[in-house]
Amino acid sequence: MTLTVLYFAWLRERIGLPRESVETSAATVADLVEELRAREERYALAFSDLKAVRVALDQDLAEFDAPLAGVREVAFFPPMTGG
Amino acid sequence: MTLTVLYFAWLRERIGLPRESVETSAATVADLVEELRAREERYALAFSDLKAVRVALDQDLAEFDAPLAGVREVAFFPPMTGG
Amino acid sequence: MSVRVQQEAFDYGAECAAFAAQPGSAGAVVTFCGIVRDNDGTLRGMEIEHYPGMTERALARIEAEARTRWSLTDALIIHRHGPLMPGEMIMMVATASRHRAEAFAAAEFLMDYLKSRAPFWKKEQTAEGAAWVAARDEDEDALGRW
Amino acid sequence: MSVRVQQEAFDYGAECAAFAAQPGSAGAVVTFCGIVRDNDGTLRGMEIEHYPGMTERALARIEAEARTRWSLTDALIIHRHGPLMPGEMIMMVATASRHRAEAFAAAEFLMDYLKSRAPFWKKEQTAEGAAWVAARDEDEDALGRW
């Protein structure tokens with residue numbers, strides 16, 4: 001499947017781009033993260049501490065063990081600091 | 001001593017005046033209330049349920065057993081309903 | 001820091017804007033305003049009686065107490081008396097502090113105390129006549145949390 | 001009921017006035033506004049990044065949740081993104097209800113949830129450079145009380 005993957009805040013800065021298309025057969029978010037980590041050092045660095053990373057699937061917050069079946073947009077970002 | 005006694009809200013309406021000068025030798029607020037009750041029916045009615053009456057001495061909330069020595073202004077009123 | 005007791009209407013929007021325009025080190029501003037409810041159309045009007053002198057004194061004391069409990073950069077209390085129509089604003093409070101938790105707590109504290117410890121009494125006019133508003137047990141109980 | 005996400009400044013006073021002018025059966029209005037602190041003069045500016053699409057969706061969901069928990073006659077959330085200077089307003093919420101306890105609780109709930117569950121990220125600029133603001137444990141903990 002083809003996913004749109006978005007990065008925000010320091011994840012965007014470390015990886016160096018705000019969004020990309022990713023062709024993957026990852027079953028879960030955690031599987032996708034493993035694939036990204038294996039790609040290049042900048043991905044490995046961005047995802048080095050998953051406690052500092054949040055994920056949204058099709059714009060809803062999700063967990064790392066959530067399945068990717070049917071998902072079109074995956075976003076990774078740090079804990080939110082609005083308000 | 002001579003006290004200025006003030007009445008507010010339904011105490012003012014039942015007694016029929018907003019303030020009066022009272023010559024008294026009452027030692028406490030409770031003593032003063034007994035003197036007022038003994039005066040006339042309208043006072044007895046106004047002070048029939050002291051749980052529904054609050055008192056301030058020189059513009060500070062006080063209890064019914066508070067002494068009147070040195071006090072110049074006594075105010076009686078129902079529980080407050082501001083805000 | 002200021003306390004105002006007045007018969008005239010106040011401009012809630014202008015007061016909020018002025019209060020938030022001088023934040024100093026504050027990052028959080030909370031305001032509350034109380035409005036005369038029409039009680040499903042049954043309320044014709046309201047009269048607020050107060051105790052001139054004691055009112056200002058009680059509000060200043062409540063405000064000073066809030067400032068000892070929380071680190072506030074500013075606080076404001078405005079309370080009206082006299083005749084009021086449904087939809088009119090009765091009073092407002094505003095608090096400013098570094099973080100939101102303090103501003104919220106202080107605003108609620110000011111409201112709880114001025115409800116039950118400042119000498120105001122409301123009398124409501126309906127088709128059945130006029131009646132003094134009874135104090136609510138939950139307003140007295142609210143003081144217990146501070 | 002409305003949610004607005006925008007780069008432009010908003011007029012806090014005018015928003016408060018407009019919100020309180022249509023009280024319906026409400027007797028209580030609470031507003032909160034968040035202001036960029038200057039951190040004792042060290043902050044030069046701030047940039048707020050957000051996730052267009054998800055932001056509006058998250059705020060609308062938080063507001064809907066508040067309306068299921070409390071009986072609100074109205075609610076408003078405005079949140080800015082983009083560059084902000086010290087003293088500028090970042091966001092505001094407003095709530096209206098029959099009694100004050102509900103308006104206060106709902107405003108605090110909206111703040112707690114939008115702080116930690118709406119996709120905004122703050123980056124601060126100081127003389128030392130730019131740094132992303134870290135989420136505070138107490139903000140996450142605050143969600144536990146609801």
# chains A, B, ... in the order shown; residues from 1 in each chain; ligands from 1
>>> residues_around(residues="Ala106 in chain D", least_positions_apart="4", cutoff="10 Å", atoms="only C-alpha atoms", output="PyMOL selection string")
chain D and resi 30+63+65-67+69-72+75+93-97+100-102+110-112
>>> select_by_dssp(residues="chain C", states="helix (DSSP H, G or I)", output="ChimeraX atom specification")
/C:12-21,54-69,100-117,137-145
>>> interface_residues(of="chain C", to="chain B", cutoff="12 Å", atoms="only C-alpha atoms", output="JSON, numbers by chain")
{"C": [5, 32, 33, 34, 35, 36, 47, 48, 49, 50, 51, 52, 53, 54, 55, 56, 57, 58, 59, 61, 77, 78, 79, 80, 81, 89, 90, 91, 92, 93, 108, 109, 110, 111, 112, 113, 114, 115, 116, 117, 118, 119, 120, 121, 122, 123, 124, 130, 131, 132, 133, 134, 135, 136, 137, 138, 139, 140]}
>>> interface_residues(of="chain D", to="chain C", cutoff="9 Å", atoms="only C-alpha atoms", output="mmCIF file with C-alpha atoms, in the first residue's frame")
data_model
loop_
_atom_site.group_PDB
_atom_site.id
_atom_site.type_symbol
_atom_site.label_atom_id
_atom_site.label_comp_id
_atom_site.auth_asym_id
_atom_site.auth_seq_id
_atom_site.Cartn_x
_atom_site.Cartn_y
_atom_site.Cartn_z
ATOM 1 C CA ASP D 11 -9.790 40.738 19.192
ATOM 2 C CA TYR D 12 -10.172 39.229 22.675
ATOM 3 C CA GLY D 13 -12.372 42.043 24.008
ATOM 4 C CA ALA D 14 -14.689 41.941 21.005
ATOM 5 C CA GLU D 15 -14.892 38.145 21.175
ATOM 6 C CA CYS D 16 -15.758 38.266 24.895
ATOM 7 C CA ALA D 17 -18.404 40.934 24.303
ATOM 8 C CA ALA D 18 -19.993 39.059 21.398
ATOM 9 C CA ALA D 20 -21.594 37.219 26.389
ATOM 10 C CA ALA D 21 -24.137 39.235 24.388
ATOM 11 C CA GLN D 22 -26.157 36.143 23.427
ATOM 12 C CA PRO D 23 -26.476 34.427 26.777
ATOM 13 C CA GLY D 24 -29.753 32.599 26.139
ATOM 14 C CA SER D 25 -30.488 30.859 29.426
ATOM 15 C CA ALA D 26 -26.894 31.252 30.603
ATOM 16 C CA GLY D 27 -26.117 33.122 33.779
ATOM 17 C CA ALA D 28 -22.403 32.426 33.709
ATOM 18 C CA VAL D 29 -19.708 33.099 31.125
ATOM 19 C CA VAL D 30 -16.065 32.092 31.566
ATOM 20 C CA THR D 31 -13.293 33.089 29.188
ATOM 21 C CA PHE D 32 -9.629 32.182 29.112
ATOM 22 C CA CYS D 33 -6.918 33.704 27.004
ATOM 23 C CA GLY D 34 -3.334 32.556 26.624
ATOM 24 C CA ILE D 35 -0.647 35.180 26.029
ATOM 25 C CA VAL D 36 2.960 34.760 24.841
ATOM 26 C CA ARG D 37 5.080 35.394 27.958
ATOM 27 C CA ASP D 38 8.304 37.311 27.412
ATOM 28 C CA ASN D 39 10.146 35.144 30.003
ATOM 29 C CA ASP D 40 11.753 38.157 31.662
ATOM 30 C CA GLY D 87 2.491 39.901 24.590
ATOM 31 C CA GLU D 88 0.420 38.594 21.676
ATOM 32 C CA MET D 89 -2.572 36.391 22.342
ATOM 33 C CA ARG D 98 -26.684 28.280 33.610
ATOM 34 C CA HIS D 99 -24.478 28.211 36.708
ATOM 35 C CA ARG D 100 -20.830 29.085 37.192
ATOM 36 C CA ALA D 101 -19.528 25.654 38.245
ATOM 37 C CA ALA D 103 -18.815 27.091 32.889
ATOM 38 C CA PHE D 104 -15.587 26.973 34.925
ATOM 39 C CA GLU D 108 -10.673 24.146 32.272
ATOM 40 C CA MET D 111 -7.826 24.070 28.088
#
>>> atom_distance(atom1="CA of Gly82 in chain D", atom2="CA of Thr126 in chain D")
16.6 Å
>>> decode(residues="range 18-29 of chain D", atoms="all heavy atoms", output="PDB file, in the first residue's frame")
ATOM      1  N   ALA D  18     -19.040  39.737  22.284  1.00  0.00           N
ATOM      2  CA  ALA D  18     -19.993  39.059  21.398  1.00  0.00           C
ATOM      3  C   ALA D  18     -20.481  37.757  22.036  1.00  0.00           C
ATOM      4  O   ALA D  18     -21.670  37.425  21.964  1.00  0.00           O
ATOM      5  CB  ALA D  18     -19.336  38.774  20.046  1.00  0.00           C
ATOM      6  N   PHE D  19     -19.568  37.041  22.673  1.00  0.00           N
ATOM      7  CA  PHE D  19     -19.931  35.755  23.285  1.00  0.00           C
ATOM      8  C   PHE D  19     -20.943  35.959  24.405  1.00  0.00           C
ATOM      9  O   PHE D  19     -21.908  35.205  24.544  1.00  0.00           O
ATOM     10  CB  PHE D  19     -18.679  35.070  23.820  1.00  0.00           C
ATOM     11  CG  PHE D  19     -18.916  33.667  24.280  1.00  0.00           C
ATOM     12  CD1 PHE D  19     -18.935  32.616  23.377  1.00  0.00           C
ATOM     13  CD2 PHE D  19     -19.130  33.389  25.622  1.00  0.00           C
ATOM     14  CE1 PHE D  19     -19.170  31.314  23.801  1.00  0.00           C
ATOM     15  CE2 PHE D  19     -19.360  32.094  26.052  1.00  0.00           C
ATOM     16  CZ  PHE D  19     -19.385  31.056  25.141  1.00  0.00           C
ATOM     17  N   ALA D  20     -20.719  36.994  25.230  1.00  0.00           N
ATOM     18  CA  ALA D  20     -21.594  37.219  26.389  1.00  0.00           C
ATOM     19  C   ALA D  20     -22.891  37.939  26.009  1.00  0.00           C
ATOM     20  O   ALA D  20     -23.812  38.011  26.820  1.00  0.00           O
ATOM     21  CB  ALA D  20     -20.845  38.021  27.455  1.00  0.00           C
ATOM     22  N   ALA D  21     -22.953  38.455  24.788  1.00  0.00           N
ATOM     23  CA  ALA D  21     -24.137  39.235  24.388  1.00  0.00           C
ATOM     24  C   ALA D  21     -25.322  38.351  24.036  1.00  0.00           C
ATOM     25  O   ALA D  21     -26.451  38.815  23.972  1.00  0.00           O
ATOM     26  CB  ALA D  21     -23.795  40.136  23.200  1.00  0.00           C
ATOM     27  N   GLN D  22     -25.079  37.070  23.808  1.00  0.00           N
ATOM     28  CA  GLN D  22     -26.157  36.143  23.427  1.00  0.00           C
ATOM     29  C   GLN D  22     -26.268  35.061  24.478  1.00  0.00           C
ATOM     30  O   GLN D  22     -26.052  33.886  24.184  1.00  0.00           O
ATOM     31  CB  GLN D  22     -25.840  35.500  22.063  1.00  0.00           C
ATOM     32  CG  GLN D  22     -25.604  36.468  20.931  1.00  0.00           C
ATOM     33  CD  GLN D  22     -26.861  37.220  20.549  1.00  0.00           C
ATOM     34  OE1 GLN D  22     -27.977  36.747  20.788  1.00  0.00           O
ATOM     35  NE2 GLN D  22     -26.694  38.390  19.964  1.00  0.00           N
ATOM     36  N   PRO D  23     -26.592  35.431  25.708  1.00  0.00           N
ATOM     37  CA  PRO D  23     -26.476  34.427  26.777  1.00  0.00           C
ATOM     38  C   PRO D  23     -27.543  33.341  26.744  1.00  0.00           C
ATOM     39  O   PRO D  23     -27.350  32.280  27.319  1.00  0.00           O
ATOM     40  CB  PRO D  23     -26.589  35.271  28.048  1.00  0.00           C
ATOM     41  CG  PRO D  23     -27.397  36.447  27.653  1.00  0.00           C
ATOM     42  CD  PRO D  23     -27.041  36.732  26.220  1.00  0.00           C
ATOM     43  N   GLY D  24     -28.688  33.598  26.065  1.00  0.00           N
ATOM     44  CA  GLY D  24     -29.753  32.599  26.139  1.00  0.00           C
ATOM     45  C   GLY D  24     -30.135  32.389  27.587  1.00  0.00           C
ATOM     46  O   GLY D  24     -30.357  33.347  28.324  1.00  0.00           O
ATOM     47  N   SER D  25     -30.133  31.136  28.037  1.00  0.00           N
ATOM     48  CA  SER D  25     -30.488  30.859  29.426  1.00  0.00           C
ATOM     49  C   SER D  25     -29.267  30.867  30.337  1.00  0.00           C
ATOM     50  O   SER D  25     -29.347  30.484  31.491  1.00  0.00           O
ATOM     51  CB  SER D  25     -31.188  29.506  29.502  1.00  0.00           C
ATOM     52  OG  SER D  25     -30.332  28.507  28.997  1.00  0.00           O
ATOM     53  N   ALA D  26     -28.117  31.286  29.796  1.00  0.00           N
ATOM     54  CA  ALA D  26     -26.894  31.252  30.603  1.00  0.00           C
ATOM     55  C   ALA D  26     -26.861  32.390  31.604  1.00  0.00           C
ATOM     56  O   ALA D  26     -27.281  33.506  31.322  1.00  0.00           O
ATOM     57  CB  ALA D  26     -25.666  31.337  29.705  1.00  0.00           C
ATOM     58  N   GLY D  27     -26.358  32.090  32.785  1.00  0.00           N
ATOM     59  CA  GLY D  27     -26.117  33.122  33.779  1.00  0.00           C
ATOM     60  C   GLY D  27     -24.640  33.293  34.035  1.00  0.00           C
ATOM     61  O   GLY D  27     -24.249  34.163  34.797  1.00  0.00           O
ATOM     62  N   ALA D  28     -23.830  32.447  33.412  1.00  0.00           N
ATOM     63  CA  ALA D  28     -22.403  32.426  33.709  1.00  0.00           C
ATOM     64  C   ALA D  28     -21.585  32.282  32.434  1.00  0.00           C
ATOM     65  O   ALA D  28     -21.849  31.397  31.619  1.00  0.00           O
ATOM     66  CB  ALA D  28     -22.085  31.255  34.642  1.00  0.00           C
ATOM     67  N   VAL D  29     -20.635  33.173  32.257  1.00  0.00           N
ATOM     68  CA  VAL D  29     -19.708  33.099  31.125  1.00  0.00           C
ATOM     69  C   VAL D  29     -18.283  33.088  31.677  1.00  0.00           C
ATOM     70  O   VAL D  29     -17.942  33.907  32.523  1.00  0.00           O
ATOM     71  CB  VAL D  29     -19.894  34.303  30.178  1.00  0.00           C
ATOM     72  CG1 VAL D  29     -18.713  34.437  29.207  1.00  0.00           C
ATOM     73  CG2 VAL D  29     -21.204  34.192  29.408  1.00  0.00           C
TER      74      VAL D  29
END
